[in-house]
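J.: Sharing data_9.cif, mmCIF, C-alpha atoms:
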data_upload
#
loop_
_atom_site.label_atom_id
_atom_site.label_comp_id
_atom_site.auth_asym_id
_atom_site.auth_seq_id
_atom_site.Cartn_x
_atom_site.Cartn_y
_atom_site.Cartn_z
CA MET A 253 60.34 190.43 40.59
CA VAL A 254 59.97 188.35 43.76
CA ALA A 255 63.04 186.28 44.52
CA GLU A 256 62.66 182.51 44.56
CA SER A 257 63.24 180.86 47.93
CA VAL A 258 66.08 178.35 48.37
CA VAL A 259 67.31 176.10 51.18
CA ILE A 260 70.99 175.12 51.08
CA PHE A 261 72.17 171.74 52.31
CA GLY A 262 75.22 171.94 54.58
CA ASN A 263 76.70 174.09 57.32
CA GLY A 264 80.35 174.19 56.29
CA ALA A 265 82.61 176.30 54.09
CA LEU A 266 81.20 175.22 50.72
CA SER A 267 77.65 175.90 51.86
CA SER A 268 78.67 179.34 53.14
CA LEU A 269 80.30 180.03 49.78
CA ALA A 270 77.12 179.05 47.94
CA TRP A 271 75.05 181.23 50.29
CA TYR A 272 77.32 184.23 49.63
CA CYS A 273 77.20 183.78 45.86
CA LEU A 274 73.41 183.42 45.78
CA THR A 275 72.99 186.44 48.05
CA HIS A 276 75.20 188.72 45.96
CA ASP A 277 74.93 187.28 42.46
CA SER A 278 71.52 185.74 41.88
CA PRO A 279 67.77 186.41 42.05
CA TRP A 280 67.29 183.71 44.70
CA GLN A 281 66.72 184.30 48.38
CA VAL A 282 68.24 181.80 50.79
CA LYS A 283 65.71 181.04 53.50
CA ALA A 284 67.59 178.46 55.57
CA PHE A 285 70.21 175.74 55.69
CA THR A 286 69.61 172.05 56.34
CA VAL A 287 71.85 169.24 57.59
CA ASP A 288 71.44 165.71 58.83
CA ARG A 289 70.21 165.84 62.41
CA ALA A 290 73.43 164.21 63.65
CA TYR A 291 75.42 167.20 62.36
CA LEU A 292 73.12 169.93 63.65
CA GLN A 293 75.33 171.54 66.30
CA ASP A 294 74.17 175.14 65.91
CA PRO A 295 70.60 176.14 65.00
CA VAL A 296 71.89 179.20 63.10
CA HIS A 297 74.37 179.45 60.20
CA GLU A 298 75.24 182.71 58.42
CA GLY A 299 72.40 184.30 60.35
CA LEU A 300 69.79 181.88 59.01
CA PRO A 301 68.03 178.91 60.64
CA VAL A 302 69.41 175.41 60.23
CA ALA A 303 66.75 172.71 59.92
CA PRO A 304 67.21 168.96 60.34
CA PHE A 305 67.10 167.34 56.92
CA GLU A 306 64.83 164.66 58.35
CA ASP A 307 62.21 167.37 59.12
CA LEU A 308 62.76 169.53 56.05
CA ALA A 309 59.57 168.56 54.21
CA SER A 310 57.40 169.70 57.12
CA LEU A 311 59.35 172.90 57.85
CA TYR A 312 60.14 173.96 54.26
CA PRO A 313 57.92 171.90 51.94
CA PRO A 314 58.78 171.35 48.26
CA SER A 315 55.89 173.59 47.24
CA GLU A 316 57.55 176.57 48.95
CA VAL A 317 61.31 176.22 48.38
CA ASP A 318 63.85 174.82 45.97
CA LEU A 319 67.08 173.20 47.14
CA LEU A 320 70.78 173.59 46.43
CA ILE A 321 73.20 170.92 47.62
CA PRO A 322 76.79 172.21 47.30
CA LEU A 323 78.48 169.39 49.21
CA GLY A 324 82.04 168.45 48.33
CA TYR A 325 83.48 165.19 47.07
CA THR A 326 83.09 163.08 50.21
CA GLN A 327 82.85 159.37 49.34
CA ILE A 328 83.84 160.21 45.76
CA ASN A 329 80.80 162.52 45.49
CA GLY A 330 78.57 159.77 46.87
CA LEU A 331 77.20 161.78 49.80
CA ARG A 332 76.13 164.65 47.53
CA ARG A 333 74.54 162.14 45.16
CA GLU A 334 72.69 160.39 47.99
CA ARG A 335 71.23 163.58 49.46
CA TYR A 336 70.30 164.84 46.00
CA LEU A 337 68.40 161.65 45.21
CA GLN A 338 66.73 161.62 48.63
CA ALA A 339 65.51 165.19 48.25
CA LYS A 340 64.38 164.54 44.69
CA ALA A 341 62.33 161.56 45.91
CA GLN A 342 60.62 163.90 48.38
CA GLY A 343 59.50 166.12 45.51
CA TYR A 344 62.05 168.93 45.74
CA SER A 345 63.21 170.90 42.72
CA PHE A 346 66.76 172.23 42.49
CA ILE A 347 68.30 175.43 41.26
CA SER A 348 71.59 175.71 39.39
CA TYR A 349 73.92 178.66 39.93
CA ILE A 350 76.17 180.05 37.19
CA SER A 351 78.33 182.94 38.31
CA SER A 352 77.88 186.14 36.35
CA ARG A 353 81.68 186.13 36.14
CA ALA A 354 81.85 182.72 34.45
CA SER A 355 82.27 182.45 30.67
CA THR A 356 79.52 180.40 29.05
CA TRP A 357 77.65 180.32 25.73
CA PRO A 358 73.92 180.36 24.91
CA ASP A 359 73.87 176.69 23.88
CA LEU A 360 75.16 175.43 27.22
CA GLN A 361 73.31 172.31 28.36
CA ILE A 362 73.37 172.13 32.15
CA GLY A 363 71.45 169.95 34.59
CA GLU A 364 69.92 170.76 37.96
CA ASN A 365 71.76 171.32 41.24
CA CYS A 366 74.89 172.53 39.45
CA LEU A 367 77.29 175.27 40.52
CA ILE A 368 79.66 176.98 38.10
CA TYR A 369 81.89 179.49 39.85
CA GLU A 370 83.65 182.68 38.77
CA HIS A 371 86.08 182.65 35.84
CA ALA A 372 85.23 179.10 34.88
CA ILE A 373 85.19 178.77 31.07
CA ILE A 374 82.64 176.46 29.46
CA GLN A 375 83.11 176.38 25.69
CA PRO A 376 80.42 175.77 23.04
CA PHE A 377 78.92 172.29 22.68
CA ALA A 378 79.88 171.28 26.23
CA ARG A 379 77.25 169.42 28.26
CA ILE A 380 76.99 169.32 32.04
CA GLY A 381 74.91 166.69 33.85
CA ASP A 382 73.01 166.99 37.14
CA ASN A 383 74.56 167.69 40.53
CA VAL A 384 77.92 168.92 39.19
CA ILE A 385 80.27 171.45 40.81
CA ILE A 386 82.77 173.32 38.63
CA ARG A 387 85.04 175.56 40.69
CA SER A 388 86.62 178.88 39.78
CA GLY A 389 89.02 179.08 36.88
CA ALA A 390 88.31 175.63 35.48
CA HIS A 391 88.41 175.33 31.68
CA ILE A 392 85.96 172.94 30.03
CA SER A 393 86.70 172.84 26.30
CA HIS A 394 84.37 172.33 23.37
CA HIS A 395 82.33 169.14 23.07
CA CYS A 396 83.21 167.96 26.58
CA GLU A 397 80.59 165.96 28.45
CA ILE A 398 80.63 166.08 32.24
CA GLY A 399 78.62 163.29 33.85
CA SER A 400 76.30 163.80 36.81
CA HIS A 401 77.57 163.99 40.40
CA THR A 402 81.05 165.15 39.35
CA PHE A 403 83.36 167.67 41.04
CA VAL A 404 85.87 169.74 39.02
CA ALA A 405 88.29 171.67 41.21
CA ALA A 406 89.69 175.15 40.57
CA GLY A 407 92.06 175.57 37.66
CA ALA A 408 91.47 172.17 36.08
CA CYS A 409 91.87 172.20 32.29
CA PHE A 410 90.01 169.88 29.92
CA GLY A 411 90.96 169.49 26.27
CA GLY A 412 88.23 169.13 23.68
CA ASN A 413 85.94 166.09 23.49
CA VAL A 414 86.70 164.85 26.99
CA THR A 415 84.02 162.58 28.45
CA VAL A 416 83.71 162.33 32.22
CA SER A 417 81.58 159.56 33.69
CA GLU A 418 79.46 159.94 36.84
CA GLN A 419 80.95 160.72 40.24
CA ALA A 420 84.43 161.58 38.99
CA PHE A 421 86.68 164.07 40.80
CA VAL A 422 89.24 166.24 38.99
CA GLY A 423 91.69 167.96 41.33
CA LEU A 424 93.24 171.42 41.47
CA GLY A 425 95.10 172.36 38.32
CA ALA A 426 94.82 168.93 36.72
CA VAL A 427 95.17 168.70 32.93
CA LEU A 428 93.18 166.28 30.76
CA ARG A 429 94.32 165.67 27.20
CA ASP A 430 91.71 166.01 24.47
CA GLY A 431 89.53 163.03 23.63
CA LEU A 432 89.98 161.24 26.95
CA HIS A 433 87.40 159.23 28.85
CA LEU A 434 87.36 159.31 32.65
CA ALA A 435 85.61 156.24 34.03
CA GLU A 436 83.08 156.22 36.85
CA ARG A 437 84.37 157.47 40.19
CA SER A 438 87.82 158.30 38.86
CA PHE A 439 89.90 160.49 41.19
CA ILE A 440 92.40 162.77 39.46
CA GLY A 441 94.90 164.27 41.89
CA ALA A 442 95.96 167.90 42.05
CA GLY A 443 98.30 168.85 39.22
CA ALA A 444 98.01 165.47 37.49
CA VAL A 445 98.46 165.36 33.71
CA VAL A 446 96.15 162.70 32.32
CA VAL A 447 97.11 161.40 28.87
CA ALA A 448 95.21 158.08 28.77
CA ASN A 449 91.74 156.83 29.65
CA THR A 450 91.16 155.91 33.29
CA GLU A 451 89.59 152.91 35.00
CA ALA A 452 86.62 152.97 37.37
CA ASP A 453 87.42 153.78 41.02
CA GLY A 454 91.06 154.54 40.22
CA VAL A 455 93.24 157.25 41.76
CA TYR A 456 95.59 158.95 39.30
CA VAL A 457 98.50 161.20 40.25
CA GLY A 458 101.63 162.63 38.66
CA ASN A 459 102.86 163.71 35.22
CA PRO A 460 102.05 161.68 33.28
CA ALA A 461 99.31 160.47 35.60
CA ARG A 462 99.54 156.86 36.77
CA ARG A 463 97.13 154.82 38.83
CA SER A 464 98.02 154.50 42.51
CA GLY A 465 97.30 151.50 44.70
CA ARG A 466 94.37 153.12 46.54
CA SER A 467 90.74 153.41 45.49
CA SER A 468 88.88 156.67 45.03
CA MET A 469 86.55 155.77 47.92
CA GLU A 470 89.54 155.31 50.23
CA VAL A 471 91.00 158.74 49.52
CA THR A 472 87.69 160.63 49.78
CA THR A 473 86.10 159.06 52.85
CA GLY A 474 85.96 161.52 55.73
CA LYS A 475 86.39 164.65 53.58
CA SER A 476 84.47 167.80 54.53
CA THR A 477 80.79 167.58 53.60
CA GLY A 478 80.36 171.29 52.98
#
Any chance you could give the structure as structure tokens?
T.:
Amino acid sequence: MVAESVVIFGNGALSSLAWYCLTHDSPWQVKAFTVDRAYLQDPVHEGLPVAPFEDLASLYPPSEVDLLIPLGYTQINGLRRERYLQAKAQGYSFISYISSRASTWPDLQIGENCLIYEHAIIQPFARIGDNVIIRSGAHISHHCEIGSHTFVAAGACFGGNVTVSEQAFVGLGAVLRDGLHLAERSFIGAGAVVVANTEADGVYVGNPARRSGRSSMEVTTGKSTG
């Protein structure tokens, strides 16, 4: 079987992590990395070429490679969403990576450009949208629905029937009570215990989680892009 060719967006830690996982735990072959020209400081990353995103279609056309965009939650996942939509408009297809060490079921519905890392648990009847990152050890219970462009950090725990709207962020070790609804662009801080529905663009911290005075865009602007 000939491995499929993939280009990874980014030249930071999250992109290196994705490269390592694909290299050691998937049938795909990473051909190169790509970043916005303004961030291209080194033409090589992890021993592979780094191409300007503005020139990607001519160097690695959509007919020859698929993409993976493992960027973090900068601008409450807005940067990852923007690059995903830009690449999609150029005709690129996207892979999704599910670690062989993750626990999933045959009925899992998962979109494109998703990453599910080791020891994450995705129970039956859960649905995952497009462009979603679920980090190691997260627990997504039955009948949960994770909206597109969301980031779930390591160790987060979702009760059953939780609905997460687009571009939400759930921090390290956060706990979401069953049946909750997280609104668009909600930011759930590390270790927060969420027992009530959230409001769009809100930042929630503590146990029980309460909304802070800052917006999710404020607390995620300038974060590492991956």
J.: Using only C-alpha atoms, collect all residues at a distance of at most 12 Å from (88.3, 169.2, 35.3) as written in the file, then present them as a PDB file with C-alpha atoms, keeping the file's coordinate frame.
T.:
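Heads up, here's the output in part-v3.pdb:
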ATOM      1  CA  ILE A 368      79.660 176.980  38.100  1.00  0.00           C
ATOM      2  CA  ALA A 372      85.230 179.100  34.880  1.00  0.00           C
ATOM      3  CA  ILE A 373      85.190 178.770  31.070  1.00  0.00           C
ATOM      4  CA  ILE A 374      82.640 176.460  29.460  1.00  0.00           C
ATOM      5  CA  ILE A 380      76.990 169.320  32.040  1.00  0.00           C
ATOM      6  CA  VAL A 384      77.920 168.920  39.190  1.00  0.00           C
ATOM      7  CA  ILE A 385      80.270 171.450  40.810  1.00  0.00           C
ATOM      8  CA  ILE A 386      82.770 173.320  38.630  1.00  0.00           C
ATOM      9  CA  ARG A 387      85.040 175.560  40.690  1.00  0.00           C
ATOM     10  CA  SER A 388      86.620 178.880  39.780  1.00  0.00           C
ATOM     11  CA  GLY A 389      89.020 179.080  36.880  1.00  0.00           C
ATOM     12  CA  ALA A 390      88.310 175.630  35.480  1.00  0.00           C
ATOM     13  CA  HIS A 391      88.410 175.330  31.680  1.00  0.00           C
ATOM     14  CA  ILE A 392      85.960 172.940  30.030  1.00  0.00           C
ATOM     15  CA  SER A 393      86.700 172.840  26.300  1.00  0.00           C
ATOM     16  CA  CYS A 396      83.210 167.960  26.580  1.00  0.00           C
ATOM     17  CA  GLU A 397      80.590 165.960  28.450  1.00  0.00           C
ATOM     18  CA  ILE A 398      80.630 166.080  32.240  1.00  0.00           C
ATOM     19  CA  GLY A 399      78.620 163.290  33.850  1.00  0.00           C
ATOM     20  CA  THR A 402      81.050 165.150  39.350  1.00  0.00           C
ATOM     21  CA  PHE A 403      83.360 167.670  41.040  1.00  0.00           C
ATOM     22  CA  VAL A 404      85.870 169.740  39.020  1.00  0.00           C
ATOM     23  CA  ALA A 405      88.290 171.670  41.210  1.00  0.00           C
ATOM     24  CA  ALA A 406      89.690 175.150  40.570  1.00  0.00           C
ATOM     25  CA  GLY A 407      92.060 175.570  37.660  1.00  0.00           C
ATOM     26  CA  ALA A 408      91.470 172.170  36.080  1.00  0.00           C
ATOM     27  CA  CYS A 409      91.870 172.200  32.290  1.00  0.00           C
ATOM     28  CA  PHE A 410      90.010 169.880  29.920  1.00  0.00           C
ATOM     29  CA  GLY A 411      90.960 169.490  26.270  1.00  0.00           C
ATOM     30  CA  GLY A 412      88.230 169.130  23.680  1.00  0.00           C
ATOM     31  CA  VAL A 414      86.700 164.850  26.990  1.00  0.00           C
ATOM     32  CA  THR A 415      84.020 162.580  28.450  1.00  0.00           C
ATOM     33  CA  VAL A 416      83.710 162.330  32.220  1.00  0.00           C
ATOM     34  CA  SER A 417      81.580 159.560  33.690  1.00  0.00           C
ATOM     35  CA  ALA A 420      84.430 161.580  38.990  1.00  0.00           C
ATOM     36  CA  PHE A 421      86.680 164.070  40.800  1.00  0.00           C
ATOM     37  CA  VAL A 422      89.240 166.240  38.990  1.00  0.00           C
ATOM     38  CA  GLY A 423      91.690 167.960  41.330  1.00  0.00           C
ATOM     39  CA  LEU A 424      93.240 171.420  41.470  1.00  0.00           C
ATOM     40  CA  GLY A 425      95.100 172.360  38.320  1.00  0.00           C
ATOM     41  CA  ALA A 426      94.820 168.930  36.720  1.00  0.00           C
ATOM     42  CA  VAL A 427      95.170 168.700  32.930  1.00  0.00           C
ATOM     43  CA  LEU A 428      93.180 166.280  30.760  1.00  0.00           C
ATOM     44  CA  ARG A 429      94.320 165.670  27.200  1.00  0.00           C
ATOM     45  CA  ASP A 430      91.710 166.010  24.470  1.00  0.00           C
ATOM     46  CA  LEU A 432      89.980 161.240  26.950  1.00  0.00           C
ATOM     47  CA  HIS A 433      87.400 159.230  28.850  1.00  0.00           C
ATOM     48  CA  LEU A 434      87.360 159.310  32.650  1.00  0.00           C
ATOM     49  CA  SER A 438      87.820 158.300  38.860  1.00  0.00           C
ATOM     50  CA  PHE A 439      89.900 160.490  41.190  1.00  0.00           C
ATOM     51  CA  ILE A 440      92.400 162.770  39.460  1.00  0.00           C
ATOM     52  CA  GLY A 441      94.900 164.270  41.890  1.00  0.00           C
ATOM     53  CA  ALA A 442      95.960 167.900  42.050  1.00  0.00           C
ATOM     54  CA  GLY A 443      98.300 168.850  39.220  1.00  0.00           C
ATOM     55  CA  ALA A 444      98.010 165.470  37.490  1.00  0.00           C
ATOM     56  CA  VAL A 445      98.460 165.360  33.710  1.00  0.00           C
ATOM     57  CA  VAL A 446      96.150 162.700  32.320  1.00  0.00           C
TER      58      VAL A 446
END
J.: Using the chain letters and numbers from the file, give me the residues hit by the PyMOL selection byres ((chain A and resi 281) around 9), as a PyMOL selection string.
T.: chain A and resi 255-259+274-275+278-280+282-283
J.: Would you mind telling me which residue in A:Asp359, A:Glu334, A:Glu298, A:Glu370 lies nearest to Gln419 in chain A when using all atoms listed in the file?
T.: A:Glu334
J.: I need the residue nearest Val317 in chain A from this list: A:Leu300, A:Ile350, A:Ala284, A:Val457. Use all atoms listed in the file for the distance.
T.: A:Ala284
J.: From the list A:Arg332, A:Leu266, A:Ala290, A:Gly343, which residue is nearest Glu316 in chain A when using all atoms listed in the file?
T.: A:Gly343
J.: Which distance in Å separates CA of Asp277 in chain A and CA of Asn329 in chain A, to one decimal?
T.: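 Value for the CA of Asp277 in chain A-CA of Asn329 in chain A distance: 25.6 Å.
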J.: I want to know what sits within 9 Å of Ile362 in chain A, based on all atoms listed in the file, with residues of the same chain fewer than 2 positions away left out; could you give that as a ChimeraX atom specification?
T.: /A:348,360,364,366,378-382,384
J.: Take every atom of range 275-291 of chain A listed in the file, fit an axis-aligned box around them, add 4 Å per side, and give the centre and edge lengths in Å to one decimal as AutoDock Vina command-line options.
T.:
--center_x 70.6 --center_y 176.5 --center_z 52.8 --size_x 17.7 --size_y 32.5 --size_z 29.8
J.: Work out how far apart CA of Val287 in chain A and CA of Glu306 in chain A are and give it in Å to one decimal.
T.: 8.4 Å
J.: If we count all atoms listed in the file and set the cut-off at 12 Å, which residues sit around Pro295 in chain A, ignoring sequence neighbours fewer than 5 positions away in its own chain? Please answer as a list in words.
T.: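 Listed by chain and then number, they are Asn263, Ala284, Phe285, Thr286, Val287, Arg289, Leu300, Pro301, Val302, Ala303 and Pro304 of chain A.
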J.: If you measure from CA of Gln327 in chain A to CA of Arg466 in chain A, what distance in Å do you get, rounded to one decimal?
T.: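 Going from CA of Gln327 in chain A over to CA of Arg466 in chain A, I get 13.4 Å.
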